[in-house]
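A.B. asks: To be precise about what I am sending: the file is called protein.tsv and holds TSV, C-alpha atoms and all ligand atoms.
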chain	number	residue	atom	x	y	z
Z	1	MET	CA	112.39	65.16	149.85
Z	2	ASP	CA	108.73	65.00	150.85
Z	3	ALA	CA	108.29	68.75	150.96
Z	4	ILE	CA	110.07	72.09	150.74
Z	5	LEU	CA	109.29	75.02	153.01
Z	6	THR	CA	109.84	78.33	151.30
Z	7	MET	CA	108.12	81.58	150.29
Z	8	LYS	CA	105.73	82.32	147.49
Z	9	PRO	CA	104.26	85.70	146.59
Z	10	ASP	CA	100.98	86.78	148.16
Z	11	PRO	CA	98.25	86.58	145.46
Z	12	GLU	CA	97.17	90.16	146.37
Z	13	ASP	CA	100.68	91.63	146.51
Z	14	ARG	CA	103.52	89.90	144.63
Z	15	TRP	CA	106.15	91.58	146.82
Z	16	ARG	CA	104.79	90.12	150.06
Z	17	PRO	CA	106.43	86.79	150.96
Z	18	VAL	CA	104.04	84.09	152.16
Z	19	PRO	CA	105.37	80.83	153.62
Z	20	MET	CA	104.43	77.74	151.68
Z	21	ILE	CA	104.78	73.94	151.81
Z	22	ILE	CA	105.68	72.71	148.33
Z	23	THR	CA	105.20	69.02	147.55
Z	24	ARG	CA	105.46	69.01	143.74
Z	25	ALA	CA	108.66	69.97	141.94
Z	26	ALA	CA	106.57	71.70	139.28
Z	27	ASP	CA	105.32	74.20	141.87
Z	28	MET	CA	108.77	75.49	142.80
Z	29	HIS	CA	108.84	78.04	139.99
Z	30	GLN	CA	106.18	80.14	141.78
Z	31	CYS	CA	108.65	80.83	144.56
Z	32	ARG	CA	111.38	82.37	142.43
Z	33	GLY	CA	112.56	85.89	143.12
Z	34	MET	CA	113.60	88.07	146.00
Z	35	ARG	CA	110.76	89.68	147.93
Z	36	MET	CA	111.54	92.01	150.77
Z	37	GLY	CA	109.40	91.35	153.80
Z	38	TYR	CA	109.13	89.24	156.92
Z	39	ALA	CA	107.14	86.06	156.98
Z	40	PRO	CA	107.00	83.25	159.53
Z	41	LEU	CA	108.58	80.43	157.53
Z	42	LEU	CA	108.98	78.09	160.50
Z	43	ALA	CA	105.30	78.34	161.43
Z	44	LEU	CA	104.88	75.80	158.62
Z	45	MET	CA	107.07	73.23	160.31
Z	46	GLU	CA	104.31	71.81	162.50
Z	47	PRO	CA	101.71	71.61	159.70
Z	48	ALA	CA	104.37	69.91	157.54
Z	49	LEU	CA	105.07	67.32	160.25
Z	50	ALA	CA	101.35	66.82	160.85
Z	51	ALA	CA	100.95	66.10	157.12
Z	52	GLY	CA	103.51	63.29	157.52
Z	53	HIS	CA	106.47	65.00	155.83
Z	54	LYS	CA	109.66	63.64	157.39
Z	55	ARG	CA	112.24	64.54	154.76
Z	56	LEU	CA	112.22	68.28	154.47
Z	57	GLY	CA	114.04	70.96	152.56
Z	58	VAL	CA	113.98	74.52	153.84
Z	59	ILE	CA	114.99	77.59	151.83
Z	60	GLY	CA	115.50	80.65	153.96
Z	61	ILE	CA	117.34	83.82	154.86
Z	62	PRO	CA	119.85	83.72	157.77
Z	63	CYS	CA	117.47	84.72	160.59
Z	64	GLN	CA	115.05	81.95	159.58
Z	65	VAL	CA	117.83	79.37	159.34
Z	66	TYR	CA	119.21	80.43	162.71
Z	67	ALA	CA	115.84	79.73	164.35
Z	68	LEU	CA	115.51	76.48	162.41
Z	69	ARG	CA	118.84	75.19	163.72
Z	70	ALA	CA	117.86	76.08	167.28
Z	71	LEU	CA	114.66	74.02	166.95
Z	72	GLU	CA	115.88	71.30	164.60
Z	73	ARG	CA	116.23	68.51	167.21
Z	74	GLU	CA	112.70	69.01	168.49
Z	75	TYR	CA	111.22	68.29	165.08
Z	76	GLY	CA	112.55	64.72	164.90
Z	77	LEU	CA	112.91	64.78	161.10
Z	78	GLU	CA	114.43	61.92	159.10
Z	79	ARG	CA	116.33	64.31	156.85
Z	80	LEU	CA	116.67	68.06	156.71
Z	81	PHE	CA	118.35	69.96	153.90
Z	82	VAL	CA	118.85	73.69	154.27
Z	83	ILE	CA	119.40	75.97	151.30
Z	84	GLY	CA	120.21	79.47	152.51
Z	85	THR	CA	120.56	82.75	150.68
Z	86	PRO	CA	122.84	85.51	151.91
Z	87	CYS	CA	120.93	88.52	153.22
Z	88	SER	CA	122.35	91.98	153.79
Z	89	ASP	CA	119.14	93.64	154.93
Z	90	ASN	CA	115.41	93.11	154.91
Z	91	THR	CA	112.50	95.44	155.58
Z	92	THR	CA	108.72	95.44	155.66
Z	93	THR	CA	106.92	94.90	152.36
Z	94	GLU	CA	105.29	98.34	152.90
Z	95	ASN	CA	108.73	99.95	153.04
Z	96	PHE	CA	109.73	98.01	149.96
Z	97	HIS	CA	106.77	99.52	148.06
Z	98	THR	CA	108.03	102.99	149.05
Z	99	PHE	CA	111.44	102.07	147.65
Z	100	LEU	CA	109.88	100.82	144.40
Z	101	SER	CA	107.95	104.05	143.93
Z	102	LEU	CA	111.21	106.01	144.33
Z	103	VAL	CA	113.13	104.03	141.72
Z	104	THR	CA	110.48	103.78	139.01
Z	105	SER	CA	107.39	105.63	137.81
Z	106	LYS	CA	105.69	102.24	137.21
Z	107	PRO	CA	106.13	100.46	140.55
Z	108	ASP	CA	103.04	98.29	140.06
Z	109	GLN	CA	104.50	96.81	136.86
Z	110	VAL	CA	107.80	95.58	138.31
Z	111	SER	CA	107.89	91.77	138.18
Z	112	TYR	CA	111.46	91.14	139.38
Z	113	LEU	CA	114.07	93.15	141.24
Z	114	GLU	CA	117.57	92.21	142.27
Z	115	PHE	CA	120.61	94.04	143.63
Z	116	ARG	CA	123.55	92.72	141.66
Z	117	ALA	CA	127.24	92.24	142.35
Z	118	ASP	CA	128.07	94.54	139.41
Z	119	TYR	CA	126.80	97.56	141.40
Z	120	HIS	CA	123.49	97.72	139.58
Z	121	LEU	CA	119.90	97.26	140.58
Z	122	GLU	CA	118.05	95.23	137.96
Z	123	MET	CA	114.32	95.56	137.43
Z	124	ARG	CA	112.17	93.56	135.04
Z	125	PHE	CA	108.71	94.76	134.05
Z	126	ASP	CA	105.49	92.97	133.10
Z	127	ASP	CA	105.85	94.07	129.46
Z	128	GLY	CA	109.29	92.40	129.18
Z	129	ARG	CA	111.24	95.65	129.56
Z	130	THR	CA	114.30	95.64	131.85
Z	131	GLN	CA	116.07	98.50	133.56
Z	132	GLU	CA	119.44	98.67	135.30
Z	133	ILE	CA	120.26	101.47	137.73
Z	134	PRO	CA	123.78	101.95	139.16
Z	135	PHE	CA	123.74	101.80	142.97
Z	136	LEU	CA	125.18	105.31	143.07
Z	137	LYS	CA	122.10	106.66	141.35
Z	138	LEU	CA	119.65	105.07	143.78
Z	139	PRO	CA	117.77	107.58	145.92
Z	140	LEU	CA	119.06	106.05	149.17
Z	141	SER	CA	119.25	109.42	150.95
Z	142	LYS	CA	115.46	109.72	150.54
Z	143	LEU	CA	114.84	106.58	152.60
Z	144	PRO	CA	114.04	107.08	156.30
Z	145	PRO	CA	116.87	106.10	158.70
Z	146	ASP	CA	114.77	103.24	160.08
Z	147	PHE	CA	114.07	101.81	156.60
Z	148	PHE	CA	116.11	98.76	157.63
Z	149	PRO	CA	115.42	97.70	161.23
Z	150	LEU	CA	118.17	97.51	163.84
Z	151	THR	CA	117.91	93.70	163.81
Z	152	CYS	CA	119.13	93.71	160.19
Z	153	ARG	CA	121.61	96.55	160.68
Z	154	SER	CA	123.24	94.58	163.49
Z	155	CYS	CA	123.01	91.11	161.93
Z	156	VAL	CA	126.36	89.31	161.79
Z	157	ASP	CA	125.31	86.35	159.67
Z	158	TYR	CA	125.27	87.84	156.20
Z	159	THR	CA	126.32	84.62	154.43
Z	160	ASN	CA	123.87	82.25	156.15
Z	161	ALA	CA	126.59	80.26	157.86
Z	162	LEU	CA	124.23	77.60	159.26
Z	163	SER	CA	122.83	76.50	155.90
Z	164	ASP	CA	124.02	73.35	154.15
Z	165	VAL	CA	124.52	75.32	150.97
Z	166	THR	CA	124.38	79.08	150.44
Z	167	VAL	CA	123.27	80.45	147.06
Z	168	GLY	CA	123.72	84.15	146.39
Z	169	TYR	CA	125.03	86.63	143.89
Z	170	MET	CA	127.56	88.51	145.98
Z	171	GLY	CA	130.72	86.48	145.24
Z	172	GLY	CA	129.72	85.91	141.63
Z	173	GLU	CA	130.33	88.15	138.66
Z	174	GLY	CA	126.98	87.63	137.00
Z	175	GLU	CA	126.56	83.95	137.77
Z	176	GLN	CA	125.28	82.71	141.12
Z	177	TRP	CA	127.78	82.05	143.88
Z	178	LEU	CA	127.66	78.80	145.84
Z	179	ILE	CA	129.09	77.90	149.23
Z	180	VAL	CA	128.78	74.19	149.88
Z	181	ARG	CA	129.24	73.96	153.63
Z	182	ASN	CA	129.01	70.26	154.54
Z	183	GLU	CA	128.18	66.73	153.28
Z	184	ARG	CA	124.47	67.52	153.05
Z	185	GLY	CA	125.32	70.49	150.85
Z	186	GLU	CA	127.48	68.22	148.69
Z	187	GLU	CA	124.66	65.71	148.47
Z	188	LEU	CA	122.30	68.45	147.27
Z	189	LEU	CA	124.75	69.75	144.72
Z	190	SER	CA	125.43	66.27	143.35
Z	191	LEU	CA	121.69	65.82	142.69
Z	192	LEU	CA	121.97	68.52	140.06
Z	193	GLY	CA	124.44	66.43	138.05
Z	194	ASP	CA	125.36	68.13	134.82
Z	195	GLU	CA	122.43	70.58	135.09
Z	196	ILE	CA	124.88	72.83	136.90
Z	197	SER	CA	128.29	74.00	135.76
Z	198	THR	CA	130.69	75.46	138.28
Z	199	SER	CA	133.92	77.38	138.04
Z	200	VAL	CA	136.40	78.86	140.48
Z	201	VAL	CA	135.35	82.18	142.03
Z	202	GLY	CA	137.15	85.20	140.58
Z	203	SER	CA	138.58	88.04	142.63
Z	204	ARG	CA	139.45	91.52	141.40
Z	205	GLY	CA	139.90	95.06	142.71
Z	206	LYS	CA	140.76	96.16	146.24
Z	207	ARG	CA	138.18	96.49	148.98
Z	208	LYS	CA	139.94	98.31	151.84
Z	209	ALA	CA	139.28	101.93	150.78
Z	210	HIS	CA	135.63	101.12	149.98
Z	211	VAL	CA	135.00	99.53	153.36
Z	212	ALA	CA	136.78	102.41	155.15
Z	213	GLY	CA	134.67	104.98	153.24
Z	214	PHE	CA	131.52	103.04	154.07
Z	215	LEU	CA	132.46	102.99	157.76
Z	216	LYS	CA	132.90	106.78	157.76
Z	217	ASN	CA	129.42	107.20	156.32
Z	218	VAL	CA	127.84	104.73	158.75
Z	219	LYS	CA	129.38	106.63	161.66
Z	220	ARG	CA	127.94	109.89	160.34
Z	221	SER	CA	124.47	108.50	159.78
Z	222	SER	CA	124.30	106.68	163.12
Z	223	GLY	CA	125.12	110.02	164.75
Z	224	GLY	CA	122.13	111.57	162.96
Z	225	LEU	CA	124.19	113.32	160.23
Z	226	PRO	CA	123.15	112.96	156.60
Z	227	LEU	CA	125.07	110.51	154.43
Z	228	ARG	CA	128.00	112.22	152.76
Z	229	SER	CA	127.21	112.04	149.09
Z	230	MET	CA	129.41	112.86	146.13
Z	231	PRO	CA	128.64	115.81	143.85
Z	232	ASP	CA	126.11	114.99	141.12
Z	233	PHE	CA	128.54	115.55	138.25
Z	234	VAL	CA	130.96	112.91	139.65
Z	235	ARG	CA	128.29	110.23	140.13
Z	236	PRO	CA	128.00	109.00	136.53
Z	237	ILE	CA	131.79	108.70	136.31
Z	238	VAL	CA	132.10	106.69	139.51
Z	239	ALA	CA	129.00	104.64	138.60
Z	240	TRP	CA	130.78	103.75	135.34
Z	241	LEU	CA	134.07	103.00	137.07
Z	242	MET	CA	132.80	100.83	139.96
Z	243	PRO	CA	131.92	97.70	137.94
Z	244	ARG	CA	135.27	98.04	136.17
Z	245	ILE	CA	137.71	98.80	138.95
Z	246	GLY	CA	135.77	98.25	142.20
Z	247	PRO	CA	136.02	95.01	144.20
Z	248	ARG	CA	134.51	92.10	142.28
Z	249	GLY	CA	133.96	88.40	142.85
Z	250	GLN	CA	135.41	87.17	146.12
Z	251	GLU	CA	136.77	90.65	146.87
Z	252	PHE	CA	133.24	92.08	146.55
Z	253	ALA	CA	131.89	89.38	148.89
Z	254	ARG	CA	134.65	90.16	151.40
Z	255	ALA	CA	133.92	93.88	151.13
Z	256	ARG	CA	130.22	93.34	151.88
Z	257	VAL	CA	130.91	90.99	154.79
Z	258	GLU	CA	133.31	93.53	156.31
Z	259	MET	CA	130.86	96.37	155.71
Z	260	LYS	CA	128.20	94.42	157.61
Z	261	ALA	CA	130.68	93.71	160.41
Z	262	VAL	CA	131.60	97.37	160.95
Z	263	GLU	CA	127.99	98.47	160.49
Z	264	SER	CA	126.77	96.05	163.18
Z	265	ILE	CA	129.24	97.40	165.72
Z	266	VAL	CA	128.55	101.07	164.98
Z	267	HIS	CA	124.76	100.70	165.03
Z	268	LEU	CA	124.67	98.57	168.18
Z	269	ARG	CA	127.05	100.89	169.99
Z	270	HIS	CA	124.79	103.77	169.14
Z	271	ALA	CA	121.36	102.21	169.74
Z	272	LEU	CA	121.91	99.45	172.32
Z	273	PRO	CA	125.46	99.67	173.70
Z	274	GLY	CA	124.69	97.15	176.44
Z	275	LYS	CA	124.10	94.47	173.80
Z	276	VAL	CA	127.47	94.77	172.08
Z	277	LYS	CA	129.12	92.38	174.51
Z	278	ASN	CA	126.75	89.50	173.73
Z	279	MET	CA	125.89	90.19	170.13
Z	280	ILE	CA	129.22	90.82	168.44
Z	281	PRO	CA	131.15	87.56	168.07
Z	282	LYS	CA	134.94	87.31	168.07
Z	283	HIS	CA	135.36	86.86	164.31
Z	284	VAL	CA	133.43	90.09	163.66
Z	285	TRP	CA	135.80	92.04	165.94
Z	286	LYS	CA	138.67	90.53	163.98
Z	287	LEU	CA	137.24	91.78	160.67
Z	288	ALA	CA	136.41	95.21	162.09
Z	289	GLY	CA	139.85	95.57	163.71
Z	290	ASP	CA	141.39	96.17	160.28
Z	291	TYR	CA	139.31	99.36	160.09
Z	292	GLY	CA	140.27	100.67	163.53
Z	293	LEU	CA	137.21	99.39	165.42
Z	294	LYS	CA	138.45	97.78	168.62
Z	295	ARG	CA	136.59	96.43	171.63
Z	296	ARG	CA	136.08	99.04	174.34
Z	297	GLU	CA	135.93	98.39	178.06
Z	298	GLY	CA	132.77	96.40	178.87
Z	299	GLU	CA	132.26	95.20	175.28
Z	301	LIG	C1	115.64	90.07	151.90
Z	301	LIG	C2	116.71	89.44	151.04
Z	301	LIG	C3	117.98	90.03	150.97
Z	301	LIG	C4	119.00	89.43	150.19
Z	301	LIG	N1	120.25	90.01	150.17
Z	301	LIG	C5	121.25	89.40	149.47
Z	301	LIG	C6	122.57	89.92	149.46
Z	301	LIG	O1	122.84	90.95	150.09
Z	301	LIG	N2	123.56	89.26	148.76
Z	301	LIG	C7	123.27	88.12	148.05
Z	301	LIG	O2	124.17	87.55	147.42
Z	301	LIG	N3	122.02	87.61	148.04
Z	301	LIG	C8	121.01	88.21	148.72
Z	301	LIG	N4	119.75	87.67	148.71
Z	301	LIG	C9	119.52	86.44	147.91
Z	301	LIG	C10	119.22	86.76	146.43
Z	301	LIG	O3	118.15	87.68	146.36
Z	301	LIG	C11	118.81	85.50	145.64
Z	301	LIG	O4	117.77	84.85	146.32
Z	301	LIG	C12	119.96	84.53	145.52
Z	301	LIG	O5	120.98	85.15	144.77
Z	301	LIG	C13	119.51	83.22	144.84
Z	301	LIG	O6	119.13	83.52	143.53
Z	301	LIG	P1	118.24	82.47	142.70
Z	301	LIG	O7	117.91	83.10	141.38
Z	301	LIG	O8	118.89	81.12	142.75
Z	301	LIG	O9	116.97	82.42	143.64
Z	301	LIG	P2	115.46	82.12	143.32
Z	301	LIG	O10	115.32	80.93	142.42
Z	301	LIG	O11	114.82	83.40	142.91
Z	301	LIG	O12	114.98	81.70	144.80
Z	301	LIG	C14	114.94	82.63	145.83
Z	301	LIG	C15	114.38	81.95	147.06
Z	301	LIG	O13	114.31	82.91	148.13
Z	301	LIG	C16	113.03	82.83	148.73
Z	301	LIG	N5	112.67	84.15	149.28
Z	301	LIG	C17	112.31	85.26	148.59
Z	301	LIG	N6	112.03	86.28	149.43
Z	301	LIG	C18	112.20	85.79	150.68
Z	301	LIG	C19	112.03	86.33	151.98
Z	301	LIG	N7	111.64	87.60	152.18
Z	301	LIG	N8	112.26	85.55	153.05
Z	301	LIG	C20	112.67	84.27	152.87
Z	301	LIG	N9	112.85	83.69	151.67
Z	301	LIG	C21	112.61	84.43	150.59
Z	301	LIG	C22	112.10	82.40	147.60
Z	301	LIG	O14	110.93	81.80	148.09
Z	301	LIG	C23	112.97	81.39	146.84
Z	301	LIG	O15	112.89	80.12	147.41
Z	301	LIG	C24	118.72	88.25	149.47
Z	301	LIG	C25	117.45	87.66	149.55
Z	301	LIG	C26	116.44	88.24	150.33
Z	301	LIG	C27	115.08	87.56	150.40
Once more with this new file: its structure as structure tokens, please.
Ligand SMILES: Cc1cc2nc3c(=O)[nH]c(=O)nc-3n(C[C@H](O)[C@H](O)[C@H](O)COP(=O)(O)OP(=O)(O)OC[C@H]3O[C@@H](n4cnc5c(N)ncnc54)[C@H](O)[C@@H]3O)c2cc1C
C.D. replies:
Amino acid sequence: MDAILTMKPDPEDRWRPVPMIITRAADMHQCRGMRMGYAPLLALMEPALAAGHKRLGVIGIPCQVYALRALEREYGLERLFVIGTPCSDNTTTENFHTFLSLVTSKPDQVSYLEFRADYHLEMRFDDGRTQEIPFLKLPLSKLPPDFFPLTCRSCVDYTNALSDVTVGYMGGEGEQWLIVRNERGEELLSLLGDEISTSVVGSRGKRKAHVAGFLKNVKRSSGGLPLRSMPDFVRPIVAWLMPRIGPRGQEFARARVEMKAVESIVHLRHALPGKVKNMIPKHVWKLAGDYGLKRREGE
């Protein structure tokens, strides 16, 4: 490829994503890591074309890839390869700093943060220290209800369905999870040769009760009620149990996709009921139907 469009950290704030055109493989390492925030990735498309780049790679979250596919034909590229990551939710970088200051007393020293499929948040620090916090111990009830915007809370493309290849953690059990979606995705994967080793996705645990419990909580919170939380003395036990008996691998991925499906319906119904009809696709109703959410008149 001539160039890759992706995000690098802002030199003044490492958690702020800044779009970048990368033309040297050696520069890709600067882009590593998840940074919460919005940044206009596709604004780089015209400068990239003006610089003569005709074979492009784009790495993006689903909302960026969605826009890219809508505009793709207008760009007249020779080749376009799209690497997508799944995305459950995004927020402003300012909000993300608030979150960091709630989870650690040294927020300015966090160099890496990732939510993992084993129900832990992992943080790495500048001094090499690492910390893992079970999801159940995260101070989520302290976050304002609009921490994640309605656009994310009603997004139905968690797995980046329009990418050529999706790379995420959610269907993995420690390793990354790959969905190769078409021939271009296969072409990309084959370029890695034996630098990559793959294995069949595992699947353990049962998701139904978890998704149903999540739906109950989403209904409460969208109606303005506080999230129902478990007593403090039970938390460490459940936090210990979840990675052992909760849904894992493909079952975890399915659980998260279904959680997003039910969440989108509940939030849209509450905030913008008139939009449900156009914004909730058929397959999402199918997923949500298993949890008692059915189309109402006018939806
Ligand atoms: C806001 C957000 C939410 C996510 N939610 C999930 C999730 O729920 N489940 C899941 O499996 N994976 C999720 N991911 C993807 C996950 O964080 C990893 O990027 C993915 O597992 C690939 O890991 P990696 O080590 O190969 O990526 P890396 O080598 O670290 O590459 C990550 C790529 O993502 C780009 N990137 C970072 N921040 C942004 C941003 N704000 N906007 C656009 N691009 C960005 C980087 O520039 C880089 O190219 C999310 C990513 C983001 C940005």
A.B. asks: What is the distance, in Å and to one decimal place, between CA of Ile61 in chain Z and CA of Arg204 in chain Z?
C.D. replies: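 Going from CA of Ile61 in chain Z over to CA of Arg204 in chain Z, I get 27.0 Å.
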A.B. asks: Restricting the calculation to only C-alpha atoms and all ligand atoms, which member of Z:Arg116, Z:His283, Z:His97, Z:Arg153 is positioned closest to ligand LIG 301 (chain Z)?
C.D. replies: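 Among the listed residues, the smallest separation from ligand LIG 301 (chain Z) belongs to Z:Arg116.
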A.B. asks: Separation of CA of Pro62 in chain Z and CA of Lys137 in chain Z, in Å?
C.D. replies: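 Here the two named atoms are 28.3 Å from each other.
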A.B. asks: Per residue of chain Z within 6 Å of ligand LIG 301 (chain Z), what are the shortest atom pair and its distance in Å to one decimal, counting only C-alpha atoms and all ligand atoms, with rows by chain and residue number, as JSON lines?
C.D. replies:
{"residue": "Z:Thr6", "atom": "CA", "partner": "Z:LIG301", "partner_atom": "O14", "distance": 4.9}
{"residue": "Z:Met7", "atom": "CA", "partner": "Z:LIG301", "partner_atom": "O14", "distance": 3.6}
{"residue": "Z:Lys8", "atom": "CA", "partner": "Z:LIG301", "partner_atom": "O14", "distance": 5.3}
{"residue": "Z:Pro17", "atom": "CA", "partner": "Z:LIG301", "partner_atom": "N7", "distance": 5.4}
{"residue": "Z:Cys31", "atom": "CA", "partner": "Z:LIG301", "partner_atom": "O14", "distance": 4.3}
{"residue": "Z:Arg32", "atom": "CA", "partner": "Z:LIG301", "partner_atom": "O11", "distance": 3.6}
{"residue": "Z:Gly33", "atom": "CA", "partner": "Z:LIG301", "partner_atom": "O11", "distance": 3.4}
{"residue": "Z:Met34", "atom": "CA", "partner": "Z:LIG301", "partner_atom": "C17", "distance": 4.0}
{"residue": "Z:Arg35", "atom": "CA", "partner": "Z:LIG301", "partner_atom": "N6", "distance": 3.9}
{"residue": "Z:Met36", "atom": "CA", "partner": "Z:LIG301", "partner_atom": "N7", "distance": 4.6}
{"residue": "Z:Gly37", "atom": "CA", "partner": "Z:LIG301", "partner_atom": "N7", "distance": 4.7}
{"residue": "Z:Tyr38", "atom": "CA", "partner": "Z:LIG301", "partner_atom": "N7", "distance": 5.6}
{"residue": "Z:Ile59", "atom": "CA", "partner": "Z:LIG301", "partner_atom": "O15", "distance": 5.5}
{"residue": "Z:Gly60", "atom": "CA", "partner": "Z:LIG301", "partner_atom": "N9", "distance": 4.6}
{"residue": "Z:Ile61", "atom": "CA", "partner": "Z:LIG301", "partner_atom": "C20", "distance": 5.1}
{"residue": "Z:Thr85", "atom": "CA", "partner": "Z:LIG301", "partner_atom": "C9", "distance": 4.7}
{"residue": "Z:Pro86", "atom": "CA", "partner": "Z:LIG301", "partner_atom": "N3", "distance": 4.5}
{"residue": "Z:Cys87", "atom": "CA", "partner": "Z:LIG301", "partner_atom": "N1", "distance": 3.5}
{"residue": "Z:Ser88", "atom": "CA", "partner": "Z:LIG301", "partner_atom": "O1", "distance": 3.9}
{"residue": "Z:Asp89", "atom": "CA", "partner": "Z:LIG301", "partner_atom": "C3", "distance": 5.5}
{"residue": "Z:Asn90", "atom": "CA", "partner": "Z:LIG301", "partner_atom": "C1", "distance": 4.3}
{"residue": "Z:Val167", "atom": "CA", "partner": "Z:LIG301", "partner_atom": "C13", "distance": 5.2}
{"residue": "Z:Gly168", "atom": "CA", "partner": "Z:LIG301", "partner_atom": "O5", "distance": 3.3}
{"residue": "Z:Tyr169", "atom": "CA", "partner": "Z:LIG301", "partner_atom": "O2", "distance": 3.7}
{"residue": "Z:Met170", "atom": "CA", "partner": "Z:LIG301", "partner_atom": "O2", "distance": 3.8}
A.B. asks: What's the 7 Å shell around Val82 in chain Z, counting all atoms listed in the file, without same-chain residues fewer than 5 positions away, as a list in words?
C.D. replies: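 Returned residues: Gly57, Val58, Ile59, Ser163, Asp164 and Val165 of chain Z.
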A.B. asks: Output range 149-168 of chain Z as a PDB file, keeping the file's coordinate frame, making sure N, CA and C atoms are there.
C.D. replies:
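What follows is the written file result_37.pdb:
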ATOM      1  N   PRO Z 149     115.506  97.725 159.761  1.00  0.00           N
ATOM      2  CA  PRO Z 149     115.420  97.700 161.230  1.00  0.00           C
ATOM      3  C   PRO Z 149     116.784  97.413 161.871  1.00  0.00           C
ATOM      4  N   LEU Z 150     116.903  97.733 163.141  1.00  0.00           N
ATOM      5  CA  LEU Z 150     118.170  97.510 163.840  1.00  0.00           C
ATOM      6  C   LEU Z 150     118.566  96.029 163.826  1.00  0.00           C
ATOM      7  N   THR Z 151     117.578  95.136 163.838  1.00  0.00           N
ATOM      8  CA  THR Z 151     117.910  93.700 163.810  1.00  0.00           C
ATOM      9  C   THR Z 151     118.717  93.355 162.556  1.00  0.00           C
ATOM     10  N   CYS Z 152     118.365  93.968 161.424  1.00  0.00           N
ATOM     11  CA  CYS Z 152     119.130  93.710 160.190  1.00  0.00           C
ATOM     12  C   CYS Z 152     120.446  94.488 160.206  1.00  0.00           C
ATOM     13  N   ARG Z 153     120.393  95.725 160.693  1.00  0.00           N
ATOM     14  CA  ARG Z 153     121.610  96.550 160.680  1.00  0.00           C
ATOM     15  C   ARG Z 153     122.665  96.018 161.642  1.00  0.00           C
ATOM     16  N   SER Z 154     122.248  95.130 162.554  1.00  0.00           N
ATOM     17  CA  SER Z 154     123.240  94.580 163.490  1.00  0.00           C
ATOM     18  C   SER Z 154     123.383  93.061 163.312  1.00  0.00           C
ATOM     19  N   CYS Z 155     122.925  92.555 162.168  1.00  0.00           N
ATOM     20  CA  CYS Z 155     123.010  91.110 161.930  1.00  0.00           C
ATOM     21  C   CYS Z 155     124.435  90.747 161.511  1.00  0.00           C
ATOM     22  N   VAL Z 156     124.977  89.693 162.116  1.00  0.00           N
ATOM     23  CA  VAL Z 156     126.360  89.310 161.790  1.00  0.00           C
ATOM     24  C   VAL Z 156     126.419  87.989 161.020  1.00  0.00           C
ATOM     25  N   ASP Z 157     125.289  87.592 160.448  1.00  0.00           N
ATOM     26  CA  ASP Z 157     125.310  86.350 159.670  1.00  0.00           C
ATOM     27  C   ASP Z 157     124.887  86.608 158.232  1.00  0.00           C
ATOM     28  N   TYR Z 158     125.604  87.475 157.578  1.00  0.00           N
ATOM     29  CA  TYR Z 158     125.270  87.840 156.200  1.00  0.00           C
ATOM     30  C   TYR Z 158     125.227  86.621 155.276  1.00  0.00           C
ATOM     31  N   THR Z 159     126.175  85.695 155.435  1.00  0.00           N
ATOM     32  CA  THR Z 159     126.320  84.620 154.430  1.00  0.00           C
ATOM     33  C   THR Z 159     125.562  83.337 154.785  1.00  0.00           C
ATOM     34  N   ASN Z 160     124.696  83.411 155.793  1.00  0.00           N
ATOM     35  CA  ASN Z 160     123.870  82.250 156.150  1.00  0.00           C
ATOM     36  C   ASN Z 160     124.731  81.039 156.508  1.00  0.00           C
ATOM     37  N   ALA Z 161     125.558  81.233 157.514  1.00  0.00           N
ATOM     38  CA  ALA Z 161     126.590  80.260 157.860  1.00  0.00           C
ATOM     39  C   ALA Z 161     126.038  78.908 158.335  1.00  0.00           C
ATOM     40  N   LEU Z 162     124.761  78.865 158.750  1.00  0.00           N
ATOM     41  CA  LEU Z 162     124.230  77.600 159.260  1.00  0.00           C
ATOM     42  C   LEU Z 162     123.484  76.788 158.190  1.00  0.00           C
ATOM     43  N   SER Z 163     123.494  77.278 156.964  1.00  0.00           N
ATOM     44  CA  SER Z 163     122.830  76.500 155.900  1.00  0.00           C
ATOM     45  C   SER Z 163     123.746  75.369 155.455  1.00  0.00           C
ATOM     46  N   ASP Z 164     123.189  74.411 154.719  1.00  0.00           N
ATOM     47  CA  ASP Z 164     124.020  73.350 154.150  1.00  0.00           C
ATOM     48  C   ASP Z 164     124.685  73.847 152.865  1.00  0.00           C
ATOM     49  N   VAL Z 165     123.941  74.704 152.167  1.00  0.00           N
ATOM     50  CA  VAL Z 165     124.520  75.320 150.970  1.00  0.00           C
ATOM     51  C   VAL Z 165     123.960  76.734 150.885  1.00  0.00           C
ATOM     52  N   THR Z 166     124.837  77.695 150.606  1.00  0.00           N
ATOM     53  CA  THR Z 166     124.380  79.080 150.440  1.00  0.00           C
ATOM     54  C   THR Z 166     124.425  79.432 148.967  1.00  0.00           C
ATOM     55  N   VAL Z 167     123.330  80.019 148.465  1.00  0.00           N
ATOM     56  CA  VAL Z 167     123.270  80.450 147.060  1.00  0.00           C
ATOM     57  C   VAL Z 167     122.996  81.944 147.038  1.00  0.00           C
ATOM     58  N   GLY Z 168     123.917  82.702 146.466  1.00  0.00           N
ATOM     59  CA  GLY Z 168     123.720  84.150 146.390  1.00  0.00           C
ATOM     60  C   GLY Z 168     124.371  84.702 145.163  1.00  0.00           C
TER      61      GLY Z 168
END
